[in-house]
Structure formats: C-alpha cells, structure tokens
$ cat structure29.cif   # mmCIF, C-alpha atoms
data_work
#
loop_
_atom_site.label_atom_id
_atom_site.label_comp_id
_atom_site.auth_asym_id
_atom_site.auth_seq_id
_atom_site.Cartn_x
_atom_site.Cartn_y
_atom_site.Cartn_z
CA MET A 1 -26.13 8.94 -24.09
CA GLN A 2 -27.30 11.41 -21.50
CA GLU A 3 -24.40 12.79 -19.53
CA LEU A 4 -24.66 12.82 -15.76
CA SER A 5 -23.43 15.71 -13.66
CA ASP A 6 -20.51 15.16 -11.29
CA ARG A 7 -22.91 15.39 -8.33
CA GLU A 8 -25.17 12.68 -9.76
CA ILE A 9 -22.23 10.36 -10.39
CA LEU A 10 -20.81 10.91 -6.91
CA ASP A 11 -24.19 10.44 -5.22
CA GLN A 12 -24.81 7.17 -7.02
CA PHE A 13 -21.24 6.00 -6.42
CA SER A 14 -21.51 6.67 -2.67
CA ASN A 15 -24.44 4.26 -2.48
CA PRO A 16 -23.18 0.62 -2.41
CA GLU A 17 -26.36 -0.45 -4.23
CA THR A 18 -25.69 1.77 -7.24
CA ARG A 19 -21.90 2.01 -7.08
CA ASN A 20 -21.12 -0.33 -9.98
CA TYR A 21 -23.86 1.21 -12.07
CA ALA A 22 -22.48 4.71 -11.44
CA PHE A 23 -19.00 3.55 -12.33
CA ASN A 24 -20.27 2.01 -15.55
CA LEU A 25 -21.87 5.33 -16.45
CA LEU A 26 -18.65 7.15 -15.64
CA VAL A 27 -16.69 4.83 -17.96
CA ARG A 28 -19.21 5.27 -20.75
CA GLN A 29 -19.17 9.03 -20.30
CA TYR A 30 -15.40 9.54 -20.42
CA GLN A 31 -13.87 6.52 -22.15
CA LYS A 32 -13.61 8.00 -25.64
CA ARG A 33 -12.10 11.34 -24.64
CA LEU A 34 -9.58 9.67 -22.35
CA TYR A 35 -8.78 6.97 -24.90
CA TRP A 36 -7.86 9.50 -27.61
CA HIS A 37 -5.93 11.62 -25.16
CA ILE A 38 -3.82 8.59 -24.21
CA ARG A 39 -3.62 7.15 -27.72
CA LYS A 40 -2.07 10.31 -29.16
CA MET A 41 0.63 10.11 -26.52
CA VAL A 42 1.53 6.40 -26.66
CA ILE A 43 0.35 5.69 -30.27
CA ASP A 44 -0.17 1.94 -29.82
CA HIS A 45 -3.74 0.71 -29.26
CA ASP A 46 -2.84 -2.12 -26.87
CA ASP A 47 -0.72 0.19 -24.69
CA THR A 48 -3.58 2.70 -24.72
CA ASP A 49 -6.03 0.01 -23.66
CA ASP A 50 -3.82 -1.01 -20.71
CA ILE A 51 -3.34 2.58 -19.60
CA LEU A 52 -7.03 3.39 -19.93
CA GLN A 53 -7.93 0.43 -17.72
CA ASN A 54 -5.40 1.59 -15.12
CA VAL A 55 -6.90 5.07 -15.23
CA PHE A 56 -10.39 3.79 -14.51
CA ILE A 57 -9.18 1.40 -11.80
CA LYS A 58 -7.48 4.35 -10.09
CA ALA A 59 -10.63 6.39 -10.54
CA PHE A 60 -12.71 3.61 -8.97
CA ASN A 61 -10.35 3.45 -5.98
CA GLY A 62 -10.24 7.21 -5.55
CA LEU A 63 -13.75 8.31 -6.36
CA ALA A 64 -15.09 7.68 -2.84
CA ASN A 65 -12.61 10.25 -1.53
CA PHE A 66 -12.96 12.63 -4.44
CA ARG A 67 -12.93 16.20 -3.20
CA GLU A 68 -15.01 18.46 -5.32
CA ASP A 69 -12.39 21.16 -5.60
CA SER A 70 -12.01 20.07 -9.22
CA ARG A 71 -14.29 18.47 -11.79
CA ILE A 72 -14.30 14.74 -12.43
CA PHE A 73 -13.41 15.48 -16.05
CA THR A 74 -10.17 17.32 -15.18
CA TRP A 75 -9.37 14.82 -12.42
CA LEU A 76 -9.62 11.90 -14.87
CA TYR A 77 -7.52 13.75 -17.44
CA ARG A 78 -4.89 14.38 -14.80
CA ILE A 79 -4.75 10.68 -13.90
CA ALA A 80 -4.56 9.76 -17.60
CA THR A 81 -1.79 12.28 -18.25
CA ASN A 82 0.25 11.02 -15.31
CA GLU A 83 -0.24 7.42 -16.42
CA CYS A 84 0.98 8.31 -19.94
CA ILE A 85 4.10 10.01 -18.61
CA THR A 86 4.79 7.10 -16.24
CA PHE A 87 4.36 4.65 -19.11
CA LEU A 88 6.73 6.55 -21.41
CA ASN A 89 9.32 6.95 -18.66
CA SER A 90 9.16 3.26 -17.80
CA LYS A 91 9.65 2.44 -21.47
CA LYS A 92 12.79 4.56 -21.53
CA LYS A 93 14.14 2.94 -18.38
CA ARG A 94 13.19 -0.60 -19.41
CA PHE A 95 15.05 -0.45 -22.69
CA PHE A 96 17.77 2.00 -21.62
CA ILE A 97 16.95 4.18 -24.59
CA PRO A 98 17.14 7.96 -24.68
CA LEU A 99 14.04 10.08 -25.17
CA VAL A 100 14.70 10.82 -28.85
CA ASP A 101 14.82 7.08 -29.60
CA VAL A 102 11.53 6.51 -27.81
CA GLU A 103 9.97 9.06 -30.12
CA ASN A 104 11.60 7.33 -33.11
CA GLN A 105 10.21 4.04 -31.91
CA LEU A 106 6.74 5.56 -31.56
CA SER A 107 7.09 6.97 -35.06
CA GLN A 108 7.94 3.53 -36.41
CA ASN A 109 5.01 2.05 -34.51
CA LEU A 110 2.83 4.63 -36.23
CA GLU A 111 3.98 3.49 -39.68
CA ASN A 112 3.24 -0.14 -38.81
CA ASP A 113 0.01 0.61 -36.94
CA SER A 114 -2.87 -1.21 -38.55
CA TYR A 115 -5.25 1.07 -36.67
CA PHE A 116 -3.93 4.24 -38.33
CA ASN A 117 -6.20 5.52 -41.06
CA GLY A 118 -4.53 8.78 -41.98
CA ASP A 119 -3.02 9.74 -45.32
CA ARG A 120 0.66 10.65 -45.83
CA ILE A 121 0.16 14.23 -44.67
CA GLN A 122 -1.55 13.13 -41.50
CA MET A 123 1.19 10.59 -40.91
CA ARG A 124 3.77 13.34 -41.33
CA LEU A 125 1.88 15.60 -38.94
CA GLN A 126 1.81 12.86 -36.30
CA GLN A 127 5.52 12.27 -36.79
CA ALA A 128 6.13 16.00 -36.40
CA ILE A 129 4.16 15.97 -33.16
CA LEU A 130 6.28 13.06 -31.93
CA THR A 131 9.42 15.20 -32.24
CA LEU A 132 8.07 17.52 -29.53
CA PRO A 133 8.97 17.19 -25.85
CA GLU A 134 6.31 15.32 -23.83
CA LYS A 135 4.79 18.41 -22.25
CA GLN A 136 4.58 20.31 -25.54
CA ARG A 137 3.08 17.24 -27.18
CA LEU A 138 0.39 17.10 -24.50
CA VAL A 139 -0.35 20.79 -24.88
CA PHE A 140 -0.48 20.62 -28.67
CA ASN A 141 -2.78 17.59 -28.75
CA MET A 142 -5.14 19.01 -26.14
CA LYS A 143 -5.40 22.35 -27.90
CA TYR A 144 -5.22 21.41 -31.57
CA PHE A 145 -7.17 18.16 -31.68
CA GLU A 146 -9.35 18.36 -28.58
CA ASP A 147 -9.82 22.14 -28.66
CA MET A 148 -9.59 22.23 -24.91
CA LYS A 149 -9.73 25.53 -23.03
CA TYR A 150 -6.48 26.82 -21.61
CA ASP A 151 -8.08 27.07 -18.17
CA ASP A 152 -8.93 23.38 -18.22
CA MET A 153 -5.46 22.50 -19.49
CA SER A 154 -3.99 24.59 -16.72
CA GLU A 155 -5.98 22.66 -14.14
CA ILE A 156 -4.99 19.30 -15.64
CA LEU A 157 -1.30 19.99 -16.20
CA GLY A 158 -0.72 22.28 -13.23
CA THR A 159 0.82 24.95 -15.50
CA SER A 160 -0.11 28.59 -15.84
CA VAL A 161 -2.22 29.67 -18.81
CA GLY A 162 0.58 31.96 -20.00
CA ALA A 163 3.11 29.13 -20.00
CA LEU A 164 0.66 26.88 -21.86
CA LYS A 165 0.12 29.49 -24.56
CA ALA A 166 3.87 29.89 -24.98
CA SER A 167 4.28 26.13 -25.10
CA TYR A 168 1.61 25.80 -27.78
CA HIS A 169 3.24 28.60 -29.76
CA HIS A 170 6.63 26.82 -29.71
CA ALA A 171 5.00 23.52 -30.63
CA VAL A 172 3.29 25.00 -33.68
CA LYS A 173 6.52 26.63 -34.83
CA LYS A 174 8.43 23.37 -34.53
CA ILE A 175 5.75 21.44 -36.39
CA GLU A 176 5.70 24.05 -39.11
CA GLU A 177 9.49 23.76 -39.51
CA PHE A 178 9.23 19.98 -39.65
CA MET A 179 6.48 20.08 -42.27
CA LYS A 180 8.45 22.51 -44.47
CA ARG A 181 11.12 19.83 -44.86
CA PHE A 182 8.44 17.42 -46.08
CA MET X 1 -4.45 40.04 -31.79
CA LYS X 2 -3.50 37.33 -29.36
CA MET X 3 -0.46 35.15 -29.90
CA GLU X 4 -2.34 31.86 -30.39
CA ASP X 5 -4.68 33.45 -32.94
CA ASN X 6 -1.69 33.88 -35.22
CA LEU X 7 -0.78 30.24 -35.05
CA GLU X 8 -3.70 28.47 -36.65
CA PRO X 9 -2.94 29.69 -40.24
CA HIS X 10 0.40 27.89 -40.08
CA LEU X 11 -1.41 24.60 -39.74
CA GLN X 12 -4.16 25.28 -42.24
CA GLY X 13 -4.47 22.52 -44.75
CA PHE X 14 -3.87 19.85 -42.16
CA ASP X 15 -6.86 17.75 -41.41
CA ARG X 16 -7.84 17.90 -37.77
CA GLU X 17 -9.78 14.72 -38.13
CA ASN X 18 -8.56 11.92 -35.94
CA PRO X 19 -6.39 9.63 -38.09
CA PHE X 20 -6.40 6.79 -35.53
CA ARG X 21 -9.04 4.14 -35.22
CA VAL X 22 -9.89 1.37 -32.78
CA PRO X 23 -10.86 -2.29 -33.24
CA ASP X 24 -14.52 -2.73 -34.14
CA GLY X 25 -16.83 -2.54 -31.12
CA TYR X 26 -13.99 -1.56 -28.77
CA PHE X 27 -15.92 1.23 -27.03
CA ASP X 28 -19.01 -0.99 -26.74
CA ARG X 29 -17.03 -3.73 -24.99
CA PHE X 30 -14.79 -1.56 -22.84
CA PRO X 31 -17.36 -0.65 -20.10
CA THR X 32 -18.19 -4.35 -19.67
CA LYS X 33 -14.48 -5.18 -19.44
CA MET X 34 -14.06 -2.53 -16.75
CA SER X 35 -17.14 -3.74 -14.87
CA GLU X 36 -15.67 -7.24 -14.82
CA ARG X 37 -12.40 -5.93 -13.45
CA ILE X 38 -14.00 -4.06 -10.60
CA VAL X 39 -16.70 -6.62 -9.82
CA GLN X 40 -16.47 -7.84 -6.21
CA LYS X 41 -13.91 -5.13 -5.68
CA LYS X 42 -14.71 -2.50 -3.10
CA PRO X 43 -13.22 0.96 -3.36
CA ARG X 44 -10.02 1.08 -1.38
CA PHE X 45 -10.17 3.32 1.64
CA THR X 46 -7.61 6.07 1.53
CA PHE X 47 -6.92 8.18 4.55
CA PRO X 48 -8.22 11.69 3.78
CA PHE X 49 -5.14 13.41 5.27
CA PRO X 50 -2.16 11.43 3.96
CA SER X 51 0.35 14.01 5.22
CA LEU X 52 -0.61 13.08 8.79
CA LEU X 53 0.39 9.48 8.12
CA LYS X 54 3.93 10.35 7.02
CA PRO X 55 5.43 10.63 10.54
CA ILE X 56 3.88 7.30 11.62
CA PRO X 57 6.58 5.05 10.12
CA ILE X 58 9.23 7.10 11.95
CA PHE X 59 7.45 6.66 15.29
CA VAL X 60 6.86 2.96 14.64
CA THR X 61 10.54 2.45 13.75
CA ALA X 62 11.70 4.35 16.83
CA ALA X 63 9.33 2.37 19.10
CA LEU X 64 10.52 -0.89 17.54
CA ILE X 65 14.19 -0.05 18.10
CA ILE X 66 13.53 0.94 21.73
CA THR X 67 11.52 -2.24 22.38
CA VAL X 68 14.20 -4.48 20.86
CA GLY X 69 16.83 -2.62 22.88
CA ILE X 70 14.97 -3.11 26.17
CA ILE X 71 14.35 -6.81 25.48
CA GLY X 72 18.01 -7.26 24.53
CA LEU X 73 19.21 -5.56 27.70
CA LYS X 74 16.92 -7.68 29.88
CA THR X 75 17.96 -10.87 28.12
CA PHE X 76 21.70 -10.43 27.94
CA THR X 77 22.49 -8.43 31.06
CA LYS X 78 23.25 -10.36 34.30
CA SER X 79 21.02 -9.17 37.06
CA GLU X 80 22.97 -8.16 40.11
CA VAL X 81 21.10 -8.72 43.32
CA ALA X 82 22.57 -7.28 46.48
CA LEU X 83 22.30 -9.77 49.35
CA SER X 84 23.13 -9.10 52.95
CA ASN X 85 25.54 -11.32 54.86
CA GLU X 86 22.62 -12.67 56.91
CA GLU X 87 20.75 -13.73 53.77
CA ILE X 88 23.82 -15.48 52.39
CA SER X 89 24.45 -17.16 55.70
CA ASP X 90 20.83 -18.37 55.99
CA TYR X 91 20.92 -19.71 52.44
CA VAL X 92 24.21 -21.56 53.00
CA TYR X 93 23.01 -23.20 56.21
CA GLN X 94 19.48 -24.02 54.97
CA GLU X 95 20.68 -25.62 51.75
CA GLY X 96 23.41 -27.60 53.52
CA ILE X 97 26.02 -25.98 51.34
CA ILE X 98 28.19 -25.42 54.41
CA ASP X 99 29.16 -29.10 54.40
CA GLU X 100 30.66 -28.75 50.93
CA PHE X 101 33.37 -26.32 52.11
CA THR X 102 36.60 -27.24 53.88
CA GLU X 103 37.64 -25.45 57.03
CA GLU X 104 40.33 -23.55 55.10
CA GLU X 105 37.80 -22.32 52.56
CA LEU X 106 35.48 -21.14 55.28
CA LEU X 107 38.28 -19.34 57.00
CA GLU X 108 39.30 -17.65 53.79
CA TYR X 109 35.92 -15.94 53.40
CA SER X 110 35.20 -15.39 57.08
CA ASP X 111 35.98 -12.45 59.32
CA LEU X 112 39.03 -14.42 60.43
CA ALA X 113 40.60 -14.43 57.00
CA PHE X 114 43.41 -12.26 58.26
CA ILE X 115 44.73 -15.28 60.21
CA GLU X 116 45.17 -17.29 57.01
CA LYS X 117 46.73 -14.29 55.33
CA ASP X 118 49.24 -13.89 58.06
CA LYS X 119 50.03 -17.60 57.89
CA SER X 120 50.78 -17.35 54.20
CA THR X 121 53.16 -14.49 54.79
CA ASN X 122 54.70 -16.27 57.78
CA GLN X 123 54.15 -13.25 59.96
CA ASN X 124 53.67 -13.67 63.68
CA ILE X 125 50.25 -12.95 64.93
CA ASN X 126 50.35 -10.89 68.06
CA ILE X 127 46.92 -10.81 69.50
CA ASP X 128 46.67 -10.28 73.18
CA ASP X 129 44.09 -11.99 75.38
CA GLN X 130 42.07 -8.85 75.91
CA THR X 131 41.52 -8.44 72.16
CA ILE X 132 40.34 -12.03 71.92
CA GLN X 133 37.94 -11.53 74.83
CA GLU X 134 36.52 -8.37 73.28
CA TYR X 135 36.03 -10.17 69.98
CA LEU X 136 34.22 -13.03 71.71
CA ILE X 137 31.98 -10.58 73.55
CA ASP X 138 31.22 -8.77 70.26
CA GLN X 139 30.28 -12.05 68.65
CA ASP X 140 28.18 -13.01 71.70
CA LEU X 141 30.27 -16.10 72.37
CA ASP X 142 31.46 -17.38 75.72
CA GLU X 143 34.20 -19.77 76.64
CA ALA X 144 31.76 -22.66 77.16
CA ASP X 145 30.58 -22.38 73.55
CA ILE X 146 34.15 -22.54 72.31
CA ILE X 147 34.95 -25.55 74.46
CA ASN X 148 31.83 -27.31 73.21
CA GLU X 149 32.80 -26.60 69.63
CA LEU X 150 36.21 -28.15 70.24
#
$ encode --input "structure29.cif" --output "structure tokens"
Amino acid sequence: MQELSDREILDQFSNPETRNYAFNLLVRQYQKRLYWHIRKMVIDHDDTDDILQNVFIKAFNGLANFREDSRIFTWLYRIATNECITFLNSKKKRFFIPLVDVENQLSQNLENDSYFNGDRIQMRLQQAILTLPEKQRLVFNMKYFEDMKYDDMSEILGTSVGALKASYHHAVKKIEEFMKRF
Amino acid sequence: MKMEDNLEPHLQGFDRENPFRVPDGYFDRFPTKMSERIVQKKPRFTFPFPSLLKPIPIFVTAALIITVGIIGLKTFTKSEVALSNEEISDYVYQEGIIDEFTEEELLEYSDLAFIEKDKSTNQNINIDDQTIQEYLIDQDLDEADIINEL
C-alpha cells in the first residue's frame, strides 16, 4: 500500500467529499503499528481492539484541528499511549487492585492467550517486560521491538532523550535479572 | 561507546519477532469496521484556543447568581411607594373608603389627633379662641362652613 504524506491526508480530510476516504487511508496506514503498540501494553486482543477503535475515533474528531507542529504518526502514537495508560488505570480502579497485581493478571492473560504464538523463552521475556513500570515498559517496547528513534519517542512521551535512554537502560537491566532466574 | 550500545548484548538470543498474533483477517476488516463507526458522523468542532474557554463557566455562573439574586429581590421585597397626603386623601375620597371609617378613627389619624390623645389621658384642653381662629384661617375654613357641617 502506498503511504500518503501527512499533507495529502490532511488535504483530503479537509474536503467533505473525500473525508471518509482519507480517514480510511489513515486507518490502513497506521492500524498495524498502533495495534502492536497497544497490544504489547494491554496484552489482550479484545482490549486492544477496543482501544484502537477509540484511538481512531479520537483521531477522526481531532484531525480537522490538527496543527502541523507534530507529525500525524507521533500524534496518533501519543493518543494510543494515553489511551493505554487510561485503560490500565481504570482497570486498577475498577477492581481495586494494586499495580503489581494488574501486571500479574496481564501475565496470566498472556499464558491463557490463544493469540500468543511465542515459545517459552518469548513468554518469559514478555512476563519480564510486564514486571516493569508502565513508562519503562512503553520505552522498552518502542525501542526494542519497534526500533523507534529516541527523538520520536521523546515527542510521543514528552520525555527528554537522556531520560529515555536511562529508562531503557534500567529496563534492560531488570529484564536481564529476571531472565537469569529463569 | 554510548550507553544503549552496551545493552543489546544482554538481550542477545531473544527473538525480537512478534510473538502475538491476531484473528485471521483482522487487519483487512478493521478499516471497514472503523468506516462504519464514523459513517454519518461529522468531525466534532473543537475550539482552537481551549484555554480561552476556561473562564467562561465562571462568568456564566456569576451572571446566573446575580440574575437569580435580582429576580429574588424583586419578587420577595415589598415595594415601598411614598405617597403624599394629597394623593392619599384623593384616593380615599374617590374610592368611597371614607365611609368605611368611624368618626373616632378619622380623628385618630387626622391633624386633630391630639384631641383624642388628651381625652384618653383625661387632660384638660386649653385652647383659646384666637388659636382656633388662626387654625381655621390656616385651613381656609370660615364659621359658615363649620355651621353647615354641623
């Protein structure tokens, strides 16, 4: 699929005749990247599907007023990240469970997830990642699996590049410790 | 060597391949599902300067309180209208209200109320003739009028 530039998407979206078409192209262009970004945070496919729909609905509502001081790609990632954090926080509040138990619950979901293809090592790696604090988990996933640039991560997470590098460093150390016990 | 360059060897041996999968055809169906959700839906207008809207609820609340206060004051406060003696007198005579009062009641509220007062205290009233004549002149009355009234 040929990717459209931000300008092309915005131009087509601003025209009522081509708005839905432009939005469809936007969804096709970013759905996979956003899906995996969300999925690695919330683990469950159905939760990911709900969050992804919310992300695109918010994008549809906000795209007309999108200011081009950032790229659509980082803007969408920012919405998706915020939606993930909101979802995880609401889960904690809804069930009155502390953070560590949410991660345990996600880990159990992973073991029972019929849409998880990984072997035992990959399962262990995912469980190690789930022991990290939310922000470190985001940073690790974005860097390790998505190979995202620190500058882009900085724009999405609103954190300095230096702090992101330190966060990634701590995450890797913790995962390494966890895997040694395996 | 940069810090993050040292990190990758620690995770060597772990497959970076995505271990998750999605239901068959999920990404083919998803754009259609989104199109159905936004069909007929127009993008919501959002004010480009939301910080300017923040004080509005405060002003609206203040205006509402003031309006309710003014309406309440107008509704529940008795209006006091200052009327002159002439206006009261005209009203009493025109409406025939005068007939509803006894002579004693009229005296009580008239300029001659002091007479009644003195009666109630059993004090003698010492008014000389000259005072009475001056009073009658002030009130533009003559003896004939008084006799006619009697």
$ resolve_selection --input "structure29.cif" --expression "the PyMOL selection byres ((chain A) within 6 of (chain X))" --output "NGL selection string"
:A and (27 or 61 or 115-118)
$ residues_around --input "structure29.cif" --residues "region 63-75 of chain A" --least-positions-apart "4" --cutoff "10 Å" --atoms "all atoms listed in the file" --output "JSON, numbers by chain"
{"A": [5, 6, 7, 9, 10, 11, 13, 14, 15, 19, 23, 26, 29, 30, 33, 34, 56, 57, 58, 59, 79, 80, 81, 152, 153, 154, 155, 156, 157], "X": [43, 44, 45, 46, 47, 48]}
$ atom_distance --input "structure29.cif" --atom1 "CA of Glu105 (chain X)" --atom2 "CA of Tyr135 (chain X)"
21.3 Å
$ atom_distance --input "structure29.cif" --atom1 "CA of Lys149 (chain A)" --atom2 "CA of Glu3 (chain A)"
19.7 Å
$ residues_around --input "structure29.cif" --residues "region 128-132 of chain A" --least-positions-apart "2" --cutoff "10 Å" --atoms "all atoms listed in the file" --output "PyMOL selection string"
chain A and resi 40-43+99-100+102-107+122-126+134-138+140-141+170-172+174-179
$ write_last_selection --input "structure29.cif" --atoms "C-alpha atoms" --output "CSV table (one decimal), keeping the file's coordinate frame"
chain,number,residue,atom,x,y,z
A,40,LYS,CA,-2.1,10.3,-29.2
A,41,MET,CA,0.6,10.1,-26.5
A,42,VAL,CA,1.5,6.4,-26.7
A,43,ILE,CA,0.4,5.7,-30.3
A,99,LEU,CA,14.0,10.1,-25.2
A,100,VAL,CA,14.7,10.8,-28.8
A,102,VAL,CA,11.5,6.5,-27.8
A,103,GLU,CA,10.0,9.1,-30.1
A,104,ASN,CA,11.6,7.3,-33.1
A,105,GLN,CA,10.2,4.0,-31.9
A,106,LEU,CA,6.7,5.6,-31.6
A,107,SER,CA,7.1,7.0,-35.1
A,122,GLN,CA,-1.6,13.1,-41.5
A,123,MET,CA,1.2,10.6,-40.9
A,124,ARG,CA,3.8,13.3,-41.3
A,125,LEU,CA,1.9,15.6,-38.9
A,126,GLN,CA,1.8,12.9,-36.3
A,134,GLU,CA,6.3,15.3,-23.8
A,135,LYS,CA,4.8,18.4,-22.2
A,136,GLN,CA,4.6,20.3,-25.5
A,137,ARG,CA,3.1,17.2,-27.2
A,138,LEU,CA,0.4,17.1,-24.5
A,140,PHE,CA,-0.5,20.6,-28.7
A,141,ASN,CA,-2.8,17.6,-28.8
A,170,HIS,CA,6.6,26.8,-29.7
A,171,ALA,CA,5.0,23.5,-30.6
A,172,VAL,CA,3.3,25.0,-33.7
A,174,LYS,CA,8.4,23.4,-34.5
A,175,ILE,CA,5.8,21.4,-36.4
A,176,GLU,CA,5.7,24.0,-39.1
A,177,GLU,CA,9.5,23.8,-39.5
A,178,PHE,CA,9.2,20.0,-39.6
A,179,MET,CA,6.5,20.1,-42.3
$ atom_distance --input "structure29.cif" --atom1 "CA of Val92 (chain X)" --atom2 "CA of Lys74 (chain X)"
27.9 Å
